[in-house]
$ cat coords.cif   # mmCIF, C-alpha atoms
data_final
#
loop_
_atom_site.label_atom_id
_atom_site.label_comp_id
_atom_site.auth_asym_id
_atom_site.auth_seq_id
_atom_site.Cartn_x
_atom_site.Cartn_y
_atom_site.Cartn_z
CA MET A 1 0.00 0.00 0.00
CA THR A 2 1.33 3.44 -0.94
CA THR A 3 1.94 5.80 1.97
CA PRO A 4 0.55 9.29 1.23
CA SER A 5 3.71 11.37 1.42
CA LEU A 6 3.67 14.10 -1.23
CA LEU A 7 2.48 17.58 -0.32
CA VAL A 8 2.27 19.27 -3.72
CA PRO A 9 2.14 23.04 -4.16
CA PHE A 10 1.27 23.22 -7.88
CA TYR A 11 0.70 26.77 -9.04
CA GLU A 12 -0.41 26.31 -12.63
CA HIS A 13 -3.87 26.89 -14.13
CA PRO A 14 -5.83 23.69 -14.86
CA ALA A 15 -6.92 25.02 -18.26
CA GLU A 16 -3.27 25.53 -19.26
CA ARG A 17 -1.88 22.30 -17.75
CA PRO A 18 -4.74 19.78 -17.86
CA ASP A 19 -2.27 16.92 -18.35
CA ALA A 20 -0.43 17.80 -15.16
CA TRP A 21 -3.62 18.11 -13.11
CA ALA A 22 -4.75 14.74 -14.49
CA ALA A 23 -1.40 13.31 -13.39
CA LEU A 24 -2.02 14.61 -9.88
CA VAL A 25 -5.39 12.87 -9.75
CA GLY A 26 -3.73 9.70 -11.05
CA ALA A 27 -1.12 9.93 -8.28
CA ALA A 28 -3.79 10.21 -5.56
CA PRO A 29 -2.59 7.26 -3.44
CA SER A 30 0.82 8.94 -2.96
CA LEU A 31 -0.52 12.40 -2.10
CA TYR A 32 -0.72 13.88 1.38
CA GLY A 33 -2.45 16.86 -0.20
CA VAL A 34 -2.46 19.42 -3.00
CA VAL A 35 -2.22 23.17 -2.39
CA LEU A 36 -4.84 25.08 -4.37
CA ASN A 37 -3.64 28.58 -5.29
CA PRO A 38 -5.72 30.20 -8.05
CA ALA A 39 -4.40 33.77 -7.62
CA SER A 40 -1.95 34.02 -4.73
CA GLY A 41 -4.96 32.94 -2.70
CA ALA A 42 -8.55 32.19 -3.60
CA GLY A 43 -8.76 35.07 -6.09
CA PRO A 44 -11.43 37.75 -6.52
CA ALA A 45 -14.10 35.37 -7.88
CA PRO A 46 -14.61 31.61 -8.30
CA ASP A 47 -12.62 30.02 -11.13
CA PRO A 48 -14.56 27.12 -12.69
CA ALA A 49 -11.37 25.41 -13.88
CA PHE A 50 -9.93 25.30 -10.36
CA ALA A 51 -13.29 24.22 -8.96
CA GLY A 52 -13.34 21.30 -11.38
CA ALA A 53 -9.75 20.32 -10.58
CA ALA A 54 -10.44 20.50 -6.85
CA GLY A 55 -13.54 18.36 -7.27
CA ARG A 56 -11.61 15.66 -9.14
CA LEU A 57 -8.94 15.60 -6.43
CA ARG A 58 -11.53 15.28 -3.67
CA GLU A 59 -13.29 12.48 -5.54
CA ALA A 60 -9.93 10.68 -5.66
CA GLY A 61 -9.57 11.05 -1.89
CA VAL A 62 -6.96 13.83 -1.94
CA ARG A 63 -6.89 16.66 0.61
CA VAL A 64 -7.37 20.05 -1.02
CA LEU A 65 -5.54 22.76 0.91
CA GLY A 66 -6.51 26.36 0.25
CA TYR A 67 -3.54 28.73 0.00
CA ALA A 68 -3.40 31.89 2.10
CA ASP A 69 -0.41 34.20 2.63
CA THR A 70 0.01 35.37 6.23
CA ALA A 71 2.88 37.81 5.51
CA TYR A 72 4.90 36.59 8.53
CA GLY A 73 2.19 37.73 10.92
CA ARG A 74 1.52 41.12 9.34
CA ARG A 75 -1.71 40.13 7.60
CA PRO A 76 -4.77 40.56 9.84
CA GLN A 77 -6.45 37.42 11.07
CA ALA A 78 -9.79 38.43 9.52
CA GLU A 79 -8.24 38.67 6.03
CA VAL A 80 -6.61 35.25 6.32
CA VAL A 81 -9.80 33.60 7.53
CA ALA A 82 -11.88 35.30 4.81
CA GLU A 83 -9.47 33.83 2.26
CA LEU A 84 -9.92 30.36 3.72
CA LEU A 85 -13.70 30.71 3.67
CA ARG A 86 -13.56 31.57 -0.05
CA HIS A 87 -11.46 28.46 -0.66
CA ARG A 88 -14.02 26.40 1.24
CA ASP A 89 -17.09 27.90 -0.42
CA TRP A 90 -15.75 28.15 -3.98
CA TYR A 91 -13.49 25.09 -4.23
CA GLY A 92 -14.56 22.77 -1.42
CA ALA A 93 -11.15 23.00 0.25
CA ASP A 94 -11.06 20.79 3.32
CA GLY A 95 -7.74 22.12 4.61
CA ALA A 96 -5.51 25.17 4.63
CA PHE A 97 -1.92 25.88 3.61
CA LEU A 98 -0.77 29.05 5.36
CA ASP A 99 2.29 30.53 3.68
CA GLN A 100 4.98 32.85 5.01
CA VAL A 101 4.28 31.90 8.60
CA ALA A 102 6.48 33.54 11.22
CA THR A 103 9.02 31.49 13.18
CA ALA A 104 9.48 33.68 16.28
CA PRO A 105 7.62 33.10 19.57
CA GLU A 106 6.34 36.69 19.56
CA ALA A 107 3.86 35.83 16.80
CA LEU A 108 2.50 32.69 18.44
CA ALA A 109 -0.65 34.30 19.86
CA HIS A 110 -1.57 35.67 16.42
CA TYR A 111 -1.20 32.24 14.83
CA ARG A 112 -3.08 30.51 17.62
CA ARG A 113 -6.06 32.73 16.84
CA ILE A 114 -5.73 32.03 13.11
CA ALA A 115 -5.50 28.29 13.75
CA VAL A 116 -8.65 28.26 15.89
CA ALA A 117 -10.55 30.30 13.31
CA ALA A 118 -9.30 28.10 10.45
CA ARG A 119 -10.50 24.96 12.23
CA THR A 120 -13.87 26.62 12.88
CA ALA A 121 -14.04 27.48 9.16
CA GLY A 122 -13.70 23.79 8.31
CA ALA A 123 -9.95 23.24 7.87
CA ALA A 124 -9.59 19.60 8.91
CA THR A 125 -5.89 19.74 7.95
CA LEU A 126 -3.77 22.79 8.72
CA VAL A 127 -0.29 23.28 7.29
CA PHE A 128 2.03 26.11 8.36
CA ASN A 129 4.76 26.96 5.84
CA HIS A 130 7.51 28.60 7.87
CA GLY A 131 10.20 27.75 5.33
CA ALA A 132 12.62 27.46 8.26
CA HIS A 133 12.62 25.78 11.65
CA PRO A 134 10.16 27.62 13.95
CA ASP A 135 9.80 28.07 17.67
CA PRO A 136 8.49 24.81 19.23
CA GLY A 137 5.28 26.56 20.27
CA TYR A 138 3.98 26.36 16.70
CA GLU A 139 3.89 22.57 16.79
CA ALA A 140 0.63 22.54 18.73
CA GLN A 141 -1.15 24.78 16.23
CA ALA A 142 -0.94 22.84 12.96
CA ASP A 143 -0.93 19.27 11.67
CA LEU A 144 2.16 19.82 9.55
CA LEU A 145 4.98 22.37 9.69
CA VAL A 146 7.06 23.13 6.60
CA THR A 147 10.44 23.62 8.23
CA PHE A 148 12.41 24.01 4.99
CA GLU A 149 11.55 25.54 1.62
CA GLY A 150 14.41 26.24 -0.72
CA PRO A 151 16.80 24.90 -3.38
CA TRP A 152 18.47 21.51 -3.31
CA ASP A 153 21.95 23.09 -3.33
CA THR A 154 21.16 24.58 0.09
CA TYR A 155 19.19 21.63 1.41
CA ARG A 156 21.97 19.13 0.84
CA THR A 157 24.35 21.14 3.03
CA LEU A 158 22.03 21.17 6.06
CA ASP A 159 21.38 18.70 8.85
CA LEU A 160 17.75 19.53 9.63
CA PRO A 161 15.55 17.98 12.31
CA VAL A 162 13.16 15.33 11.01
CA ALA A 163 9.80 14.44 12.53
CA ALA A 164 6.50 13.00 11.33
CA HIS A 165 4.88 16.45 11.50
CA TYR A 166 7.67 18.26 9.62
CA CYS A 167 7.72 18.74 5.85
CA HIS A 168 10.55 19.80 3.53
CA LEU A 169 9.81 21.45 0.17
CA VAL A 170 12.84 21.36 -2.12
CA TYR A 171 13.14 22.82 -5.62
CA ALA A 172 15.84 22.65 -8.29
CA ALA A 173 16.23 19.03 -7.19
CA PRO A 174 17.66 16.20 -9.31
CA ALA A 175 15.50 13.31 -10.44
CA GLY A 176 15.16 10.60 -7.85
CA PHE A 177 15.93 12.87 -4.91
CA ARG A 178 13.69 12.50 -1.85
CA PRO A 179 13.75 14.88 1.12
CA ALA A 180 14.29 13.45 4.59
CA THR A 181 10.84 14.09 6.08
CA PRO A 182 7.99 11.57 5.72
CA VAL A 183 5.83 14.27 4.06
CA HIS A 184 7.75 16.23 1.44
CA CYS A 185 7.98 17.51 -2.11
CA ALA A 186 10.94 17.83 -4.46
CA VAL A 187 10.62 19.36 -7.92
CA SER A 188 13.02 20.12 -10.75
CA GLY A 189 11.69 23.65 -11.21
CA ALA A 190 13.85 26.61 -10.27
CA GLY A 191 13.96 30.38 -10.55
CA ALA A 192 11.04 32.64 -9.68
CA HIS A 193 8.37 29.97 -10.24
CA PRO A 194 9.65 26.58 -9.08
CA TRP A 195 6.20 25.33 -8.06
CA GLY A 196 5.04 25.33 -11.67
CA THR A 197 6.44 21.79 -11.92
CA LEU A 198 5.22 18.61 -10.29
CA PRO A 199 7.30 16.13 -8.33
CA HIS A 200 9.35 13.95 -10.66
CA LEU A 201 7.12 10.87 -10.66
CA PRO A 202 3.75 12.48 -11.51
CA GLU A 203 5.19 15.09 -13.93
CA PRO A 204 3.97 14.30 -17.49
CA ALA A 205 6.01 15.14 -20.56
CA ARG A 206 5.44 18.63 -21.88
#
$ encode --input "coords.cif" --output "structure tokens"
Amino acid sequence: MTTPSLLVPFYEHPAERPDAWAALVGAAPSLYGVVLNPASGAGPAPDPAFAGAAGRLREAGVRVLGYADTAYGRRPQAEVVAELLRHRDWYGADGAFLDQVATAPEALAHYRRIAVAARTAGAATLVFNHGAHPDPGYEAQADLLVTFEGPWDTYRTLDLPVAAHYCHLVYAAPAGFRPATPVHCAVSGAGAHPWGTLPHLPEPAR
């Protein structure tokens, strides 16, 4: 039995990359979840193409995580939660992927409030993307903490903590490379838009 291990942030439009979105659905047994990010968030209005893609993922048993930027604690709680509600109402998202989450203990109270509100809004799975190792207080707030996001050249030089609730997102990675955490993602993409490529196994030829 395949262990769901891939958390995939895939920031391409389903109408432009239908083959790739179909590959994601086909890889459902290996997926921890897919981050839905129509327009650096839910966008100003529902997008039927993303709604259809999200529906196919849910039918395949895949978590759909709505993307919301928290601006390292600078974005007001109400704005973040409103974004998550749009993901829920427009795309049926059953989880949340909060990006640019602070790492310092001073922001913990802010993120505790966001976490409670996100759960109330229906986020059964909550992922915090710190991109670096955070204060231990964050571990009680989310199901999964992204404790590394960056290029393979940097990742391979580090000796990072590994735990079941940590996730490493690595880009510019060679084929066959697997990060150390049980939940992870490694893609070949690089530059300003690395998450426009899928992990090596599900990525179809272009």
$ atom_distance --input "coords.cif" --atom1 "CA of Ala15 (chain A)" --atom2 "CA of Glu83 (chain A)"
22.5 Å
$ residues_near_point --input "coords.cif" --point "(1.8, 27.4, 5.9)" --cutoff "6 Å" --atoms "only C-alpha atoms" --output "list in words"
Phe97, Leu98, Asp99, Val101, Val127, Phe128 and Asn129 of chain A
$ residues_around --input "coords.cif" --residues "Arg58 (chain A)" --least-positions-apart "6" --cutoff "9 Å" --atoms "all atoms listed in the file" --output "ChimeraX atom specification"
/A:25,64,92-94
$ write_last_selection --input "coords.cif" --atoms "C-alpha atoms" --output "PDB file, in the coordinates of the input"
ATOM      1  CA  VAL A  25      -5.390  12.870  -9.750  1.00  0.00           C
ATOM      2  CA  VAL A  64      -7.370  20.050  -1.020  1.00  0.00           C
ATOM      3  CA  GLY A  92     -14.560  22.770  -1.420  1.00  0.00           C
ATOM      4  CA  ALA A  93     -11.150  23.000   0.250  1.00  0.00           C
ATOM      5  CA  ASP A  94     -11.060  20.790   3.320  1.00  0.00           C
TER       6      ASP A  94
END
$ resolve_selection --input "coords.cif" --expression "the PyMOL selection byres ((chain A and resi 66-80) around 9)" --output "NGL selection string"
:A and (34-38 or 40-42 or 64-65 or 81-88 or 91-103 or 107 or 110-111 or 113-114 or 117-118 or 123 or 130)
$ resolve_selection --input "coords.cif" --expression "the PyMOL selection byres ((chain A and resi 8) around 9)" --output "PyMOL selection string"
chain A and resi 6-7+9-10+24+31-35+169+184-186+195+198-199
$ residues_near_point --input "coords.cif" --point "(-16.6, 24.6, -11.7)" --cutoff "12 Å" --atoms "all atoms listed in the file" --output "list in words"
Pro14, Ala15, Ala45, Pro46, Asp47, Pro48, Ala49, Phe50, Ala51, Gly52, Ala53, Ala54, Gly55, Arg56, Asp89, Trp90, Tyr91 and Gly92 of chain A
$ decode --input "coords.cif" --residues "region 121-138 of chain A" --atoms "C-alpha atoms" --output "mmCIF file, in the first residue's frame"
data_model
loop_
_atom_site.group_PDB
_atom_site.id
_atom_site.type_symbol
_atom_site.label_atom_id
_atom_site.label_comp_id
_atom_site.auth_asym_id
_atom_site.auth_seq_id
_atom_site.Cartn_x
_atom_site.Cartn_y
_atom_site.Cartn_z
ATOM 1 C CA ALA A 121 -14.040 27.477 9.162
ATOM 2 C CA GLY A 122 -13.696 23.792 8.310
ATOM 3 C CA ALA A 123 -9.951 23.245 7.870
ATOM 4 C CA ALA A 124 -9.588 19.604 8.906
ATOM 5 C CA THR A 125 -5.894 19.740 7.949
ATOM 6 C CA LEU A 126 -3.772 22.788 8.718
ATOM 7 C CA VAL A 127 -0.287 23.279 7.292
ATOM 8 C CA PHE A 128 2.032 26.106 8.365
ATOM 9 C CA ASN A 129 4.758 26.963 5.841
ATOM 10 C CA HIS A 130 7.511 28.603 7.866
ATOM 11 C CA GLY A 131 10.200 27.753 5.330
ATOM 12 C CA ALA A 132 12.619 27.460 8.256
ATOM 13 C CA HIS A 133 12.622 25.779 11.648
ATOM 14 C CA PRO A 134 10.159 27.622 13.953
ATOM 15 C CA ASP A 135 9.805 28.070 17.670
ATOM 16 C CA PRO A 136 8.491 24.807 19.227
ATOM 17 C CA GLY A 137 5.275 26.558 20.273
ATOM 18 C CA TYR A 138 3.982 26.364 16.698
#
